[in-house]
Each structure stands twice: as C-alpha cells, then as structure tokens.
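Source file start_19.cif; content: mmCIF, C-alpha atoms.
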```cif
data_data
loop_
_atom_site.group_PDB
_atom_site.id
_atom_site.type_symbol
_atom_site.label_atom_id
_atom_site.label_comp_id
_atom_site.auth_asym_id
_atom_site.auth_seq_id
_atom_site.Cartn_x
_atom_site.Cartn_y
_atom_site.Cartn_z
ATOM 1 C CA MET U 1051 -65.412 200.111 76.381
ATOM 2 C CA GLU U 1052 -68.217 202.664 76.449
ATOM 3 C CA TYR U 1053 -69.125 204.396 79.670
ATOM 4 C CA LYS U 1054 -72.784 204.128 80.688
ATOM 5 C CA ASP U 1055 -74.280 206.962 82.694
ATOM 6 C CA TYR U 1056 -76.544 205.048 85.050
ATOM 7 C CA TYR U 1057 -77.940 208.217 86.601
ATOM 8 C CA LYS U 1058 -78.973 209.474 83.182
ATOM 9 C CA ALA U 1059 -80.502 206.083 82.392
ATOM 10 C CA LEU U 1060 -82.846 206.456 85.361
ATOM 11 C CA GLY U 1061 -83.316 210.185 84.899
ATOM 12 C CA VAL U 1062 -82.053 211.090 88.379
ATOM 13 C CA ALA U 1063 -79.338 213.369 89.723
ATOM 14 C CA ARG U 1064 -76.070 211.980 91.050
ATOM 15 C CA THR U 1065 -77.201 213.159 94.473
ATOM 16 C CA ALA U 1066 -80.468 211.205 94.269
ATOM 17 C CA THR U 1067 -81.581 209.373 97.398
ATOM 18 C CA SER U 1068 -82.247 205.639 97.430
ATOM 19 C CA ALA U 1069 -85.976 206.382 97.557
ATOM 20 C CA GLU U 1070 -85.748 208.598 94.455
ATOM 21 C CA ILE U 1071 -83.773 205.917 92.618
ATOM 22 C CA LYS U 1072 -86.320 203.259 93.531
ATOM 23 C CA LYS U 1073 -89.212 205.459 92.411
ATOM 24 C CA ALA U 1074 -87.568 206.226 89.072
ATOM 25 C CA TYR U 1075 -86.692 202.567 88.491
ATOM 26 C CA ARG U 1076 -90.222 201.372 89.185
ATOM 27 C CA LYS U 1077 -91.708 203.919 86.791
ATOM 28 C CA LEU U 1078 -89.318 203.136 83.947
ATOM 29 C CA ALA U 1079 -89.376 199.359 84.449
ATOM 30 C CA ALA U 1080 -93.163 199.402 84.227
ATOM 31 C CA GLU U 1081 -93.069 201.674 81.155
ATOM 32 C CA PHE U 1082 -90.576 199.617 79.146
ATOM 33 C CA HIS U 1083 -91.324 196.076 80.320
ATOM 34 C CA PRO U 1084 -91.458 193.951 77.138
ATOM 35 C CA ASP U 1085 -94.635 192.224 78.287
ATOM 36 C CA LYS U 1086 -96.402 195.590 78.141
ATOM 37 C CA ASN U 1087 -94.347 197.638 75.679
ATOM 38 C CA LYS U 1088 -93.913 196.089 72.224
ATOM 39 C CA SER U 1089 -92.377 199.151 70.622
ATOM 40 C CA LYS U 1090 -88.943 198.985 69.012
ATOM 41 C CA GLY U 1091 -86.152 199.530 71.499
ATOM 42 C CA ALA U 1092 -88.320 198.905 74.568
ATOM 43 C CA GLU U 1093 -86.474 195.711 75.509
ATOM 44 C CA ASP U 1094 -83.063 197.402 75.230
ATOM 45 C CA ARG U 1095 -84.311 200.305 77.315
ATOM 46 C CA PHE U 1096 -85.698 197.863 79.892
ATOM 47 C CA LYS U 1097 -82.288 196.166 80.139
ATOM 48 C CA GLU U 1098 -80.572 199.534 80.489
ATOM 49 C CA VAL U 1099 -82.911 200.539 83.300
ATOM 50 C CA ASN U 1100 -82.373 197.248 85.133
ATOM 51 C CA GLU U 1101 -78.598 197.515 84.767
ATOM 52 C CA ALA U 1102 -78.628 201.031 86.164
ATOM 53 C CA ASN U 1103 -80.830 199.991 89.085
ATOM 54 C CA GLU U 1104 -78.625 196.957 89.790
ATOM 55 C CA VAL U 1105 -75.732 199.310 90.496
ATOM 56 C CA LEU U 1106 -77.353 202.421 91.965
ATOM 57 C CA SER U 1107 -79.667 200.558 94.366
ATOM 58 C CA ASP U 1108 -76.704 198.758 95.950
ATOM 59 C CA PRO U 1109 -74.692 201.123 98.205
ATOM 60 C CA GLU U 1110 -71.392 199.274 97.658
ATOM 61 C CA LYS U 1111 -71.776 199.083 93.893
ATOM 62 C CA ARG U 1112 -72.907 202.686 93.688
ATOM 63 C CA LYS U 1113 -69.875 203.835 95.652
ATOM 64 C CA ALA U 1114 -67.528 201.925 93.324
ATOM 65 C CA TYR U 1115 -69.317 203.289 90.270
ATOM 66 C CA ASP U 1116 -69.121 206.859 91.558
ATOM 67 C CA GLU U 1117 -65.404 206.523 92.289
ATOM 68 C CA LEU U 1118 -64.654 205.020 88.889
ATOM 69 C CA GLY U 1119 -66.821 207.381 86.891
ATOM 70 C CA ALA U 1120 -66.227 210.633 88.722
ATOM 71 C CA ASP U 1121 -64.467 212.348 85.792
ATOM 72 C CA TRP U 1122 -66.144 210.594 82.846
ATOM 73 C CA ARG U 1123 -68.732 211.758 80.409
ATOM 74 C CA ALA U 1124 -71.203 209.557 78.627
ATOM 75 C CA GLY U 1125 -69.802 208.192 75.363
ATOM 76 C CA GLN U 1126 -66.145 208.235 76.354
ATOM 77 C CA GLN U 1127 -64.139 205.093 76.046
ATOM 78 C CA PHE U 1128 -62.753 203.654 79.232
ATOM 79 C CA ARG U 1129 -60.053 201.061 79.800
ATOM 80 C CA PRO U 1130 -60.155 199.687 83.364
ATOM 81 C CA PRO U 1131 -56.872 199.551 85.277
ATOM 82 C CA PRO U 1132 -55.166 196.170 85.608
ATOM 83 C CA GLY U 1133 -56.941 193.900 88.037
ATOM 84 C CA TRP U 1134 -60.016 196.136 88.220
ATOM 85 C CA GLY U 1135 -63.032 194.311 89.617
ATOM 86 C CA GLY U 1136 -61.027 191.394 90.985
ATOM 87 C CA GLY U 1137 -62.541 191.888 94.424
ATOM 88 C CA ARG U 1138 -66.030 192.581 93.097
ATOM 89 C CA GLY U 1139 -66.874 189.349 91.369
ATOM 90 C CA ALA U 1140 -65.273 189.879 87.944
ATOM 91 C CA ARG U 1141 -65.425 186.728 85.883
ATOM 92 C CA GLY U 1142 -61.800 186.667 84.711
ATOM 93 C CA ARG U 1143 -61.465 185.502 81.099
ATOM 94 C CA GLY U 1144 -64.790 185.234 79.349
ATOM 95 C CA ALA U 1145 -66.080 183.336 76.342
ATOM 96 C CA GLY U 1146 -63.921 183.626 73.234
ATOM 97 C CA GLY U 1147 -60.869 184.566 75.294
ATOM 98 C CA ASN U 1148 -61.832 188.205 75.809
ATOM 99 C CA PRO U 1149 -59.859 189.634 78.730
ATOM 100 C CA GLY U 1150 -61.934 190.631 81.723
ATOM 101 C CA GLY U 1151 -64.905 188.458 80.732
ATOM 102 C CA PHE U 1152 -66.567 191.103 78.530
ATOM 103 C CA SER U 1153 -69.270 189.135 76.776
ATOM 104 C CA GLY U 1154 -70.961 192.179 75.269
ATOM 105 C CA ASP U 1155 -74.316 190.658 76.255
ATOM 106 C CA PHE U 1156 -74.808 193.592 78.604
ATOM 107 C CA SER U 1157 -72.681 196.711 78.930
ATOM 108 C CA ASP U 1158 -68.950 196.063 79.116
ATOM 109 C CA LEU U 1159 -68.739 198.600 81.916
ATOM 110 C CA PHE U 1160 -71.110 196.631 84.144
ATOM 111 C CA SER U 1161 -69.403 193.339 83.358
ATOM 112 C CA SER U 1162 -65.958 194.680 84.146
ATOM 113 C CA MET U 1163 -67.050 196.220 87.419
ATOM 114 C CA PHE U 1164 -69.388 193.609 88.839
ATOM 115 C CA GLY U 1165 -69.011 190.407 86.908
ATOM 116 C CA GLY U 1166 -71.895 190.832 84.461
ATOM 117 C CA GLY U 1167 -74.694 190.203 86.934
ATOM 118 C CA ALA U 1168 -77.301 192.310 85.166
ATOM 119 C CA GLY U 1169 -78.247 189.592 82.711
ATOM 120 C CA GLY U 1170 -81.169 190.421 80.502
ATOM 121 C CA MET U 1171 -84.692 189.195 80.137
ATOM 122 C CA GLY U 1172 -85.196 186.656 82.904
ATOM 123 C CA GLY U 1173 -81.503 186.958 83.805
ATOM 124 C CA GLY U 1174 -79.704 188.028 86.906
ATOM 125 C CA PHE U 1175 -80.794 191.638 87.270
ATOM 126 C CA ALA U 1176 -82.003 192.695 90.701
ATOM 127 C CA PRO U 1177 -85.476 191.354 91.550
ATOM 128 C CA GLU U 1178 -88.184 193.954 91.306
ATOM 129 C CA ALA U 1179 -89.183 195.415 94.657
ATOM 130 C CA GLU U 1180 -92.254 193.835 96.199
ATOM 131 C CA ASP U 1181 -94.581 195.125 98.884
ATOM 132 C CA SER U 1182 -94.982 192.782 101.852
ATOM 133 C CA ARG U 1183 -97.810 192.512 104.362
ATOM 134 C CA ASP U 1184 -97.965 191.710 108.049
ATOM 135 C CA VAL U 1185 -100.305 192.260 110.997
ATOM 136 C CA LEU U 1186 -99.704 194.676 113.873
ATOM 137 C CA THR U 1187 -101.843 194.211 116.988
ATOM 138 C CA VAL U 1188 -102.251 197.364 119.089
ATOM 139 C CA SER U 1189 -104.251 198.282 122.174
ATOM 140 C CA LEU U 1190 -107.117 200.769 122.126
ATOM 141 C CA GLU U 1191 -105.026 203.019 124.356
ATOM 142 C CA GLU U 1192 -102.204 203.051 121.783
ATOM 143 C CA SER U 1193 -104.678 204.083 119.106
ATOM 144 C CA PHE U 1194 -106.213 206.733 121.363
ATOM 145 C CA HIS U 1195 -102.909 208.345 122.382
ATOM 146 C CA GLY U 1196 -100.686 207.440 119.383
ATOM 147 C CA GLY U 1197 -96.973 206.863 119.861
ATOM 148 C CA SER U 1198 -94.365 204.323 118.853
ATOM 149 C CA ARG U 1199 -92.996 201.021 120.062
ATOM 150 C CA ARG U 1200 -90.612 198.295 119.019
ATOM 151 C CA VAL U 1201 -92.380 195.279 117.537
ATOM 152 C CA GLN U 1202 -91.259 191.891 116.295
ATOM 153 C CA LEU U 1203 -93.027 190.856 113.106
ATOM 154 C CA SER U 1204 -93.961 187.347 112.001
ATOM 155 C CA SER U 1205 -90.862 187.369 109.788
ATOM 156 C CA GLY U 1206 -88.709 187.747 112.894
ATOM 157 C CA LYS U 1207 -87.671 191.290 111.957
ATOM 158 C CA THR U 1208 -87.726 193.870 114.753
ATOM 159 C CA LEU U 1209 -88.758 197.429 113.881
ATOM 160 C CA ASP U 1210 -89.628 200.679 115.627
ATOM 161 C CA VAL U 1211 -93.147 201.453 114.429
ATOM 162 C CA LYS U 1212 -94.963 204.765 114.804
ATOM 163 C CA ILE U 1213 -98.631 204.226 115.661
ATOM 164 C CA PRO U 1214 -100.752 207.100 114.331
ATOM 165 C CA LYS U 1215 -103.214 208.662 116.757
ATOM 166 C CA GLY U 1216 -106.731 207.431 116.005
ATOM 167 C CA VAL U 1217 -105.732 204.520 113.761
ATOM 168 C CA THR U 1218 -108.606 202.049 113.370
ATOM 169 C CA GLU U 1219 -108.785 198.330 112.827
ATOM 170 C CA GLY U 1220 -108.243 197.363 109.203
ATOM 171 C CA GLN U 1221 -106.160 200.415 108.349
ATOM 172 C CA THR U 1222 -102.554 199.921 107.235
ATOM 173 C CA ILE U 1223 -99.276 201.532 108.213
ATOM 174 C CA ARG U 1224 -96.775 201.758 105.338
ATOM 175 C CA LEU U 1225 -93.071 201.378 106.142
ATOM 176 C CA ASN U 1226 -90.921 202.394 103.187
ATOM 177 C CA ASN U 1227 -88.183 200.027 101.996
ATOM 178 C CA GLN U 1228 -88.959 197.362 104.619
ATOM 179 C CA GLY U 1229 -90.561 194.850 102.227
ATOM 180 C CA ARG U 1230 -89.035 192.282 99.870
ATOM 181 C CA PHE U 1231 -86.159 193.493 97.701
ATOM 182 C CA GLY U 1232 -86.542 197.072 98.904
ATOM 183 C CA GLY U 1233 -90.321 197.260 98.566
ATOM 184 C CA ASP U 1234 -92.607 198.622 101.248
ATOM 185 C CA LEU U 1235 -94.060 196.824 104.246
ATOM 186 C CA LEU U 1236 -97.783 197.238 104.895
ATOM 187 C CA LEU U 1237 -98.870 196.562 108.479
ATOM 188 C CA GLU U 1238 -102.588 195.864 108.903
ATOM 189 C CA ILE U 1239 -103.905 197.107 112.237
ATOM 190 C CA ARG U 1240 -105.784 194.785 114.557
ATOM 191 C CA PHE U 1241 -107.007 195.629 118.036
ATOM 192 C CA ALA U 1242 -106.152 193.486 121.031
ATOM 193 C CA ALA U 1243 -109.112 192.366 123.148
ATOM 194 C CA HIS U 1244 -109.839 194.915 125.883
ATOM 195 C CA PRO U 1245 -111.122 194.040 129.393
ATOM 196 C CA ARG U 1246 -113.538 197.002 129.516
ATOM 197 C CA PHE U 1247 -114.277 198.260 126.017
ATOM 198 C CA GLU U 1248 -115.635 196.954 122.752
ATOM 199 C CA VAL U 1249 -114.925 198.879 119.566
ATOM 200 C CA LYS U 1250 -116.671 199.366 116.242
ATOM 201 C CA GLY U 1251 -114.970 201.771 113.879
ATOM 202 C CA ARG U 1252 -114.161 204.761 116.069
ATOM 203 C CA ASP U 1253 -117.007 204.163 118.549
ATOM 204 C CA ILE U 1254 -116.497 202.274 121.797
ATOM 205 C CA THR U 1255 -118.911 200.780 124.321
ATOM 206 C CA CYS U 1256 -118.624 199.657 127.921
ATOM 207 C CA VAL U 1257 -120.859 198.443 130.765
ATOM 208 C CA VAL U 1258 -121.065 200.407 134.019
ATOM 209 C CA ASN U 1259 -122.382 198.746 137.174
ATOM 210 C CA VAL U 1260 -124.524 200.817 139.555
ATOM 211 C CA ALA U 1261 -126.214 200.050 142.862
ATOM 212 C CA PRO U 1262 -130.029 199.882 143.130
ATOM 213 C CA TRP U 1263 -130.183 203.119 145.156
ATOM 214 C CA GLU U 1264 -128.045 204.916 142.545
ATOM 215 C CA SER U 1265 -130.425 203.677 139.884
ATOM 216 C CA ALA U 1266 -133.518 204.701 141.864
ATOM 217 C CA LEU U 1267 -132.365 208.007 143.340
ATOM 218 C CA GLY U 1268 -129.856 209.177 140.748
ATOM 219 C CA ALA U 1269 -126.167 209.628 141.409
ATOM 220 C CA ALA U 1270 -122.845 210.816 140.035
ATOM 221 C CA VAL U 1271 -120.960 207.670 138.990
ATOM 222 C CA SER U 1272 -117.374 207.243 137.788
ATOM 223 C CA VAL U 1273 -117.120 206.009 134.202
ATOM 224 C CA PRO U 1274 -113.907 204.744 132.542
ATOM 225 C CA THR U 1275 -112.887 206.226 129.184
ATOM 226 C CA LEU U 1276 -109.756 205.819 127.085
ATOM 227 C CA GLY U 1277 -108.692 209.269 128.228
ATOM 228 C CA GLY U 1278 -109.271 208.548 131.945
ATOM 229 C CA ASP U 1279 -112.255 208.331 134.312
ATOM 230 C CA VAL U 1280 -115.038 210.910 134.011
ATOM 231 C CA GLU U 1281 -118.086 211.620 136.158
ATOM 232 C CA LEU U 1282 -121.478 210.736 134.706
ATOM 233 C CA LYS U 1283 -124.700 212.116 136.188
ATOM 234 C CA LEU U 1284 -127.186 209.276 136.430
ATOM 235 C CA PRO U 1285 -130.826 210.488 136.404
ATOM 236 C CA ALA U 1286 -133.183 209.203 139.090
ATOM 237 C CA GLY U 1287 -135.136 206.164 137.965
ATOM 238 C CA THR U 1288 -132.489 204.962 135.509
ATOM 239 C CA GLN U 1289 -133.216 201.345 134.677
ATOM 240 C CA GLY U 1290 -130.733 198.584 133.953
ATOM 241 C CA GLY U 1291 -130.010 198.266 130.212
ATOM 242 C CA LYS U 1292 -130.315 202.003 129.571
ATOM 243 C CA LYS U 1293 -127.673 203.339 127.197
ATOM 244 C CA MET U 1294 -126.079 206.748 127.499
ATOM 245 C CA ARG U 1295 -123.648 208.430 125.120
ATOM 246 C CA LEU U 1296 -120.466 210.352 125.801
ATOM 247 C CA LYS U 1297 -119.919 212.353 122.626
ATOM 248 C CA GLY U 1298 -116.367 212.447 121.261
ATOM 249 C CA ARG U 1299 -115.007 210.006 123.844
ATOM 250 C CA GLY U 1300 -114.218 207.280 121.305
ATOM 251 C CA LEU U 1301 -111.136 207.057 119.100
ATOM 252 C CA PRO U 1302 -109.851 210.427 117.803
ATOM 253 C CA GLY U 1303 -110.144 211.440 114.172
ATOM 254 C CA THR U 1304 -111.471 214.170 111.913
ATOM 255 C CA THR U 1305 -114.827 213.169 113.388
ATOM 256 C CA PRO U 1306 -114.050 211.567 116.757
ATOM 257 C CA GLY U 1307 -115.952 208.472 117.779
ATOM 258 C CA ASP U 1308 -118.402 208.341 120.686
ATOM 259 C CA GLN U 1309 -118.536 206.179 123.789
ATOM 260 C CA THR U 1310 -121.733 204.359 124.697
ATOM 261 C CA ILE U 1311 -122.398 203.497 128.331
ATOM 262 C CA GLU U 1312 -124.743 200.616 129.140
ATOM 263 C CA ILE U 1313 -126.107 200.721 132.695
ATOM 264 C CA ARG U 1314 -126.259 197.481 134.652
ATOM 265 C CA VAL U 1315 -127.934 197.459 138.069
ATOM 266 C CA VAL U 1316 -126.136 195.148 140.491
ATOM 267 C CA THR U 1317 -127.967 194.077 143.656
ATOM 268 C CA PRO U 1318 -125.971 193.473 146.844
ATOM 269 C CA PRO U 1319 -126.301 189.934 148.239
ATOM 270 C CA ALA U 1320 -128.378 189.303 151.391
ATOM 271 C CA VAL U 1321 -125.644 187.914 153.607
ATOM 272 C CA THR U 1322 -126.859 188.609 157.165
ATOM 273 C CA ASP U 1323 -130.244 188.318 158.855
ATOM 274 C CA GLU U 1324 -130.468 192.106 158.843
ATOM 275 C CA ASP U 1325 -129.935 192.100 155.083
ATOM 276 C CA ARG U 1326 -132.697 189.581 154.569
ATOM 277 C CA VAL U 1327 -135.071 191.546 156.788
ATOM 278 C CA PHE U 1328 -134.298 194.685 154.777
ATOM 279 C CA TYR U 1329 -135.054 192.938 151.480
ATOM 280 C CA GLN U 1330 -138.263 191.495 152.930
ATOM 281 C CA GLN U 1331 -139.345 194.993 153.875
ATOM 282 C CA MET U 1332 -138.579 196.177 150.350
ATOM 283 C CA ALA U 1333 -140.597 193.318 148.903
ATOM 284 C CA GLU U 1334 -143.588 194.275 151.053
ATOM 285 C CA ARG U 1335 -143.228 197.976 150.256
ATOM 286 C CA PHE U 1336 -143.005 197.416 146.506
ATOM 287 C CA SER U 1337 -145.344 194.433 146.302
ATOM 288 C CA GLU U 1338 -147.167 195.890 143.313
ATOM 289 C CA PHE U 1339 -143.973 196.453 141.305
ATOM 290 C CA LYS U 1340 -143.643 194.023 138.393
ATOM 291 C CA PRO U 1341 -140.355 194.139 136.435
ATOM 292 C CA GLN U 1342 -140.866 194.432 132.686
ATOM 293 C CA GLY U 1343 -139.225 192.276 130.044
#
```
Can you turn what I pasted into structure tokens?
Amino acid sequence: MEYKDYYKALGVARTATSAEIKKAYRKLAAEFHPDKNKSKGAEDRFKEVNEANEVLSDPEKRKAYDELGADWRAGQQFRPPPGWGGGRGARGRGAGGNPGGFSGDFSDLFSSMFGGGAGGMGGGFAPEAEDSRDVLTVSLEESFHGGSRRVQLSSGKTLDVKIPKGVTEGQTIRLNNQGRFGGDLLLEIRFAAHPRFEVKGRDITCVVNVAPWESALGAAVSVPTLGGDVELKLPAGTQGGKKMRLKGRGLPGTTPGDQTIEIRVVTPPAVTDEDRVFYQQMAERFSEFKPQG
C-alpha cells in the first residue's frame, strides 16, 4: 500500500502543535470544500485533508501514525505487520475478500491503521470544529480588578477562566479548543446586579446620602468606588439631586470610565419632643423658603 504523509497533506511540520494542525485543517477544508471549489481534483484534495486531520487531530491516532511512519518517505510501499490495527478498530476482511479490509475507497494506510473511518463526502471523517457560545456573569469588582476564577458553564463543564481587567458587558472571552469538536468557546460577559452601582459601558453611577447640615454647610463625605472609598468635598449649599463626577473612577480601559455621584439629602426623623421643637424652630426660621420642583 502507499504511504500517505499526513503532515505534508496539511502543510505542517511533524512537530506541529494541535492548534497549528487545527488552523491548517480549517484553511484547507474551506479552500477545497466541493460546495465552494468546483475545480478538478478539489474533492480528492478535500478528502485527503480530512483524512490527515482525522489522524493528526487525535492524540492516540497521531502517536500510532508517528510510530508506524517514523522511517518512511512519501510514495514508498508499506506492508503492515501481521495483526496490525487489530486493537485500533481494523475491519478484518473487507469487501471482495481483501485482507485487512482495504476497500480502496480512502487510503489503504488509513484503513489498515484505523478501520477506514475517514469516509468521504458526507462520510465518517471527523466533524468540522464549531465555535460554541455561553454566558459568563461577573461582578463589577472582577471587571475592575481582573483576575481568574473557576466557573461552571451551562453545559456542565467546569473551566478556569481569566477575566480581563476592564472587560465590559457584551464583550466576549475566547477560549481556544473548548467548543464543539475542538472549536473555540466564546463567553459573552454579563454583569451581576450590584447593590451600590449601576453601569453603562465603562461609566458607573451611585447615590450618596448626606445629612441636611452637610448639604447646607458643606462637608467632606466618604464615597464608595470600585477601587475603595474616597473622600469627596461637598460644597456648601449642595442640593439633593445634584450630580458630581469622579473622573477615571469607572471601569479601566484605554480611556477609563467615570463615576457619577448623585447627592440625596436624608432628613433625620423627629423622634423626641426635643427633635420636634428643633424642627419647629427651623420651620419658623426658614418660613419663606419654598422648595423648588
């Protein structure tokens, strides 16, 4: 039988990584697919590419192929040793009584080694790799700091996923070779609801409560940010609903987002008689004050 150099068929070195083999296979399969390429010989080339990928993309088959073909050169004739392939799915005696099940439909070498699984058009060659999609929900803090954590996907698979610093909702994280049939897995980022912050793009907003005297007289108030609390100087006469901006305190990026602070004035309740007297005095003192809006 004729030896087939599967590495040459894919145009890769014998030391090629699985990623390099997959990349070469995808390129050639797309180039010679009979649905797209009607030129003479395209279908045969497509079968050759699929046969090579069937072996080289499977670690066990590749190891057997490398051991068997270590000293061969393309074009040499090879006669397998007695019983070769018995433990690897060889079909025994094939149609027409040919020993070893060599149908000639695909390369005799492949059939003798692995039982003729390459098939042909629509046959049993390895399914083409497909990209898969899933959703990964992260906290704003994880986006702000970056890092990694172990997650369980909707498929039930558990993976260690690196979360890029500054990733935003709607972006995707690509995990090579984690999809269907060796394709990639694309994780779409979603943000978990946060008790303090709302997010839009890289910008975040939050509400900060202040006391009436802080609003009237001005004060230094503590404001939460994703990077920790900071001190904000509140000008005297700041009214409830006023918005203030902390530049660059949103999610990191080439242009970091900002944080918007909305001031909310919270009035203490009048619990005791003394409290009520105090509020009555305020009402008399500011009798001409009429809140707007």
Can you tell me which residues surround segment 1062-1074 of chain U at a distance of at most 9 Å, considering only C-alpha atoms, apart from same-chain residues fewer than 4 positions away, and format the answer as a PDB file with C-alpha atoms, in the coordinates of the input?
```
ATOM      1  CA  TYR U1056     -76.544 205.048  85.050  1.00  0.00           C
ATOM      2  CA  TYR U1057     -77.940 208.217  86.601  1.00  0.00           C
ATOM      3  CA  LYS U1058     -78.973 209.474  83.182  1.00  0.00           C
ATOM      4  CA  LEU U1078     -89.318 203.136  83.947  1.00  0.00           C
ATOM      5  CA  ALA U1079     -89.376 199.359  84.449  1.00  0.00           C
ATOM      6  CA  ASN U1103     -80.830 199.991  89.085  1.00  0.00           C
ATOM      7  CA  LEU U1106     -77.353 202.421  91.965  1.00  0.00           C
ATOM      8  CA  SER U1107     -79.667 200.558  94.366  1.00  0.00           C
ATOM      9  CA  ASP U1108     -76.704 198.758  95.950  1.00  0.00           C
ATOM     10  CA  PRO U1109     -74.692 201.123  98.205  1.00  0.00           C
ATOM     11  CA  ASP U1116     -69.121 206.859  91.558  1.00  0.00           C
ATOM     12  CA  ALA U1179     -89.183 195.415  94.657  1.00  0.00           C
ATOM     13  CA  ASN U1226     -90.921 202.394 103.187  1.00  0.00           C
ATOM     14  CA  ASN U1227     -88.183 200.027 101.996  1.00  0.00           C
ATOM     15  CA  GLY U1232     -86.542 197.072  98.904  1.00  0.00           C
ATOM     16  CA  GLY U1233     -90.321 197.260  98.566  1.00  0.00           C
TER      17      GLY U1233
END
```
Legend entry - Coordinates-based distance that separates atom CA of Gly1251 of chain U from atom CA of Leu1301 of chain U (Å, one decimal):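 Straight-line distance from atom CA of Leu1301 of chain U to atom CA of Gly1251 of chain U works out to 8.4 Å.
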Legend entry - Point-to-point distance from atom CA of Val1271 of chain U to atom CA of Ile1311 of chain U, Å rounded to tenths: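 Distance between the two atoms: 11.5 Å.
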Legend entry - Long-range neighbours of Thr1255 of chain U as number ranges by chain, 8 Å cut-off, only C-alpha atoms, 5 positions minimum in chain: U: 1247-1249, 1309-1312
Legend entry - Residues matched by the PyMOL selection byres ((chain U and resi 1285) around 10) as a PyMOL selection string: chain U and resi 1264-1270+1282-1284+1286-1289
Legend entry - Selection near segment 1207-1215 of chain U, 6 Å with only C-alpha atoms, sequence-local residues under 3 positions removed, as a VMD selection string: chain U and resid 1193 to 1203
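Between atom CA of Glu1180 of chain U and atom CA of Glu1081 of chain U there is a distance of 17.0 Å.
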Name the residues that the PyMOL selection byres ((chain U and resi 1099) around 7) pulls out of this structure, and write them as a PDB file with C-alpha atoms, keeping the file's coordinate frame.
```
ATOM      1  CA  ALA U1059     -80.502 206.083  82.392  1.00  0.00           C
ATOM      2  CA  LEU U1060     -82.846 206.456  85.361  1.00  0.00           C
ATOM      3  CA  TYR U1075     -86.692 202.567  88.491  1.00  0.00           C
ATOM      4  CA  LEU U1078     -89.318 203.136  83.947  1.00  0.00           C
ATOM      5  CA  ALA U1079     -89.376 199.359  84.449  1.00  0.00           C
ATOM      6  CA  ARG U1095     -84.311 200.305  77.315  1.00  0.00           C
ATOM      7  CA  PHE U1096     -85.698 197.863  79.892  1.00  0.00           C
ATOM      8  CA  LYS U1097     -82.288 196.166  80.139  1.00  0.00           C
ATOM      9  CA  GLU U1098     -80.572 199.534  80.489  1.00  0.00           C
ATOM     10  CA  ASN U1100     -82.373 197.248  85.133  1.00  0.00           C
ATOM     11  CA  GLU U1101     -78.598 197.515  84.767  1.00  0.00           C
ATOM     12  CA  ALA U1102     -78.628 201.031  86.164  1.00  0.00           C
ATOM     13  CA  ASN U1103     -80.830 199.991  89.085  1.00  0.00           C
TER      14      ASN U1103
END
```
Atoms added to segment 1232-1249 of chain U (N, CA and C atoms), reported as a short mmCIF file (atom, residue, chain, number, x, y, z; two decimals), keeping the file's coordinate frame:
```
data_model
loop_
_atom_site.label_atom_id
_atom_site.label_comp_id
_atom_site.auth_asym_id
_atom_site.auth_seq_id
_atom_site.Cartn_x
_atom_site.Cartn_y
_atom_site.Cartn_z
N GLY U 1232 -86.46 195.62 98.84
CA GLY U 1232 -86.54 197.07 98.90
C GLY U 1232 -87.93 197.63 98.73
N GLY U 1233 -88.95 196.77 98.64
CA GLY U 1233 -90.32 197.26 98.57
C GLY U 1233 -90.79 197.77 99.92
N ASP U 1234 -92.06 198.09 100.01
CA ASP U 1234 -92.61 198.62 101.25
C ASP U 1234 -93.28 197.52 102.06
N LEU U 1235 -93.39 197.75 103.35
CA LEU U 1235 -94.06 196.82 104.25
C LEU U 1235 -95.36 197.47 104.70
N LEU U 1236 -96.47 196.75 104.50
CA LEU U 1236 -97.78 197.24 104.90
C LEU U 1236 -98.25 196.47 106.13
N LEU U 1237 -98.44 197.18 107.22
CA LEU U 1237 -98.87 196.56 108.48
C LEU U 1237 -100.37 196.82 108.66
N GLU U 1238 -101.14 195.74 108.68
CA GLU U 1238 -102.59 195.86 108.90
C GLU U 1238 -102.86 195.91 110.40
N ILE U 1239 -103.63 196.91 110.82
CA ILE U 1239 -103.90 197.11 112.24
C ILE U 1239 -105.02 196.19 112.71
N ARG U 1240 -104.75 195.52 113.83
CA ARG U 1240 -105.78 194.78 114.56
C ARG U 1240 -105.76 195.22 116.01
N PHE U 1241 -106.93 195.22 116.64
CA PHE U 1241 -107.01 195.63 118.04
C PHE U 1241 -106.96 194.41 118.95
N ALA U 1242 -106.17 194.52 120.01
CA ALA U 1242 -106.15 193.49 121.03
C ALA U 1242 -107.45 193.55 121.83
N ALA U 1243 -107.90 192.40 122.32
CA ALA U 1243 -109.11 192.37 123.15
C ALA U 1243 -108.90 193.23 124.38
N HIS U 1244 -109.95 194.00 124.75
CA HIS U 1244 -109.84 194.92 125.88
C HIS U 1244 -110.75 194.44 127.02
N PRO U 1245 -110.30 194.53 128.28
CA PRO U 1245 -111.12 194.04 129.39
C PRO U 1245 -112.37 194.88 129.67
N ARG U 1246 -112.40 196.13 129.20
CA ARG U 1246 -113.54 197.00 129.52
C ARG U 1246 -114.33 197.45 128.29
N PHE U 1247 -113.64 197.63 127.16
CA PHE U 1247 -114.28 198.26 126.02
C PHE U 1247 -114.43 197.31 124.84
N GLU U 1248 -115.48 197.54 124.08
CA GLU U 1248 -115.64 196.95 122.75
C GLU U 1248 -115.59 198.10 121.75
N VAL U 1249 -115.12 197.81 120.54
CA VAL U 1249 -114.92 198.88 119.57
C VAL U 1249 -115.57 198.51 118.24
#
```
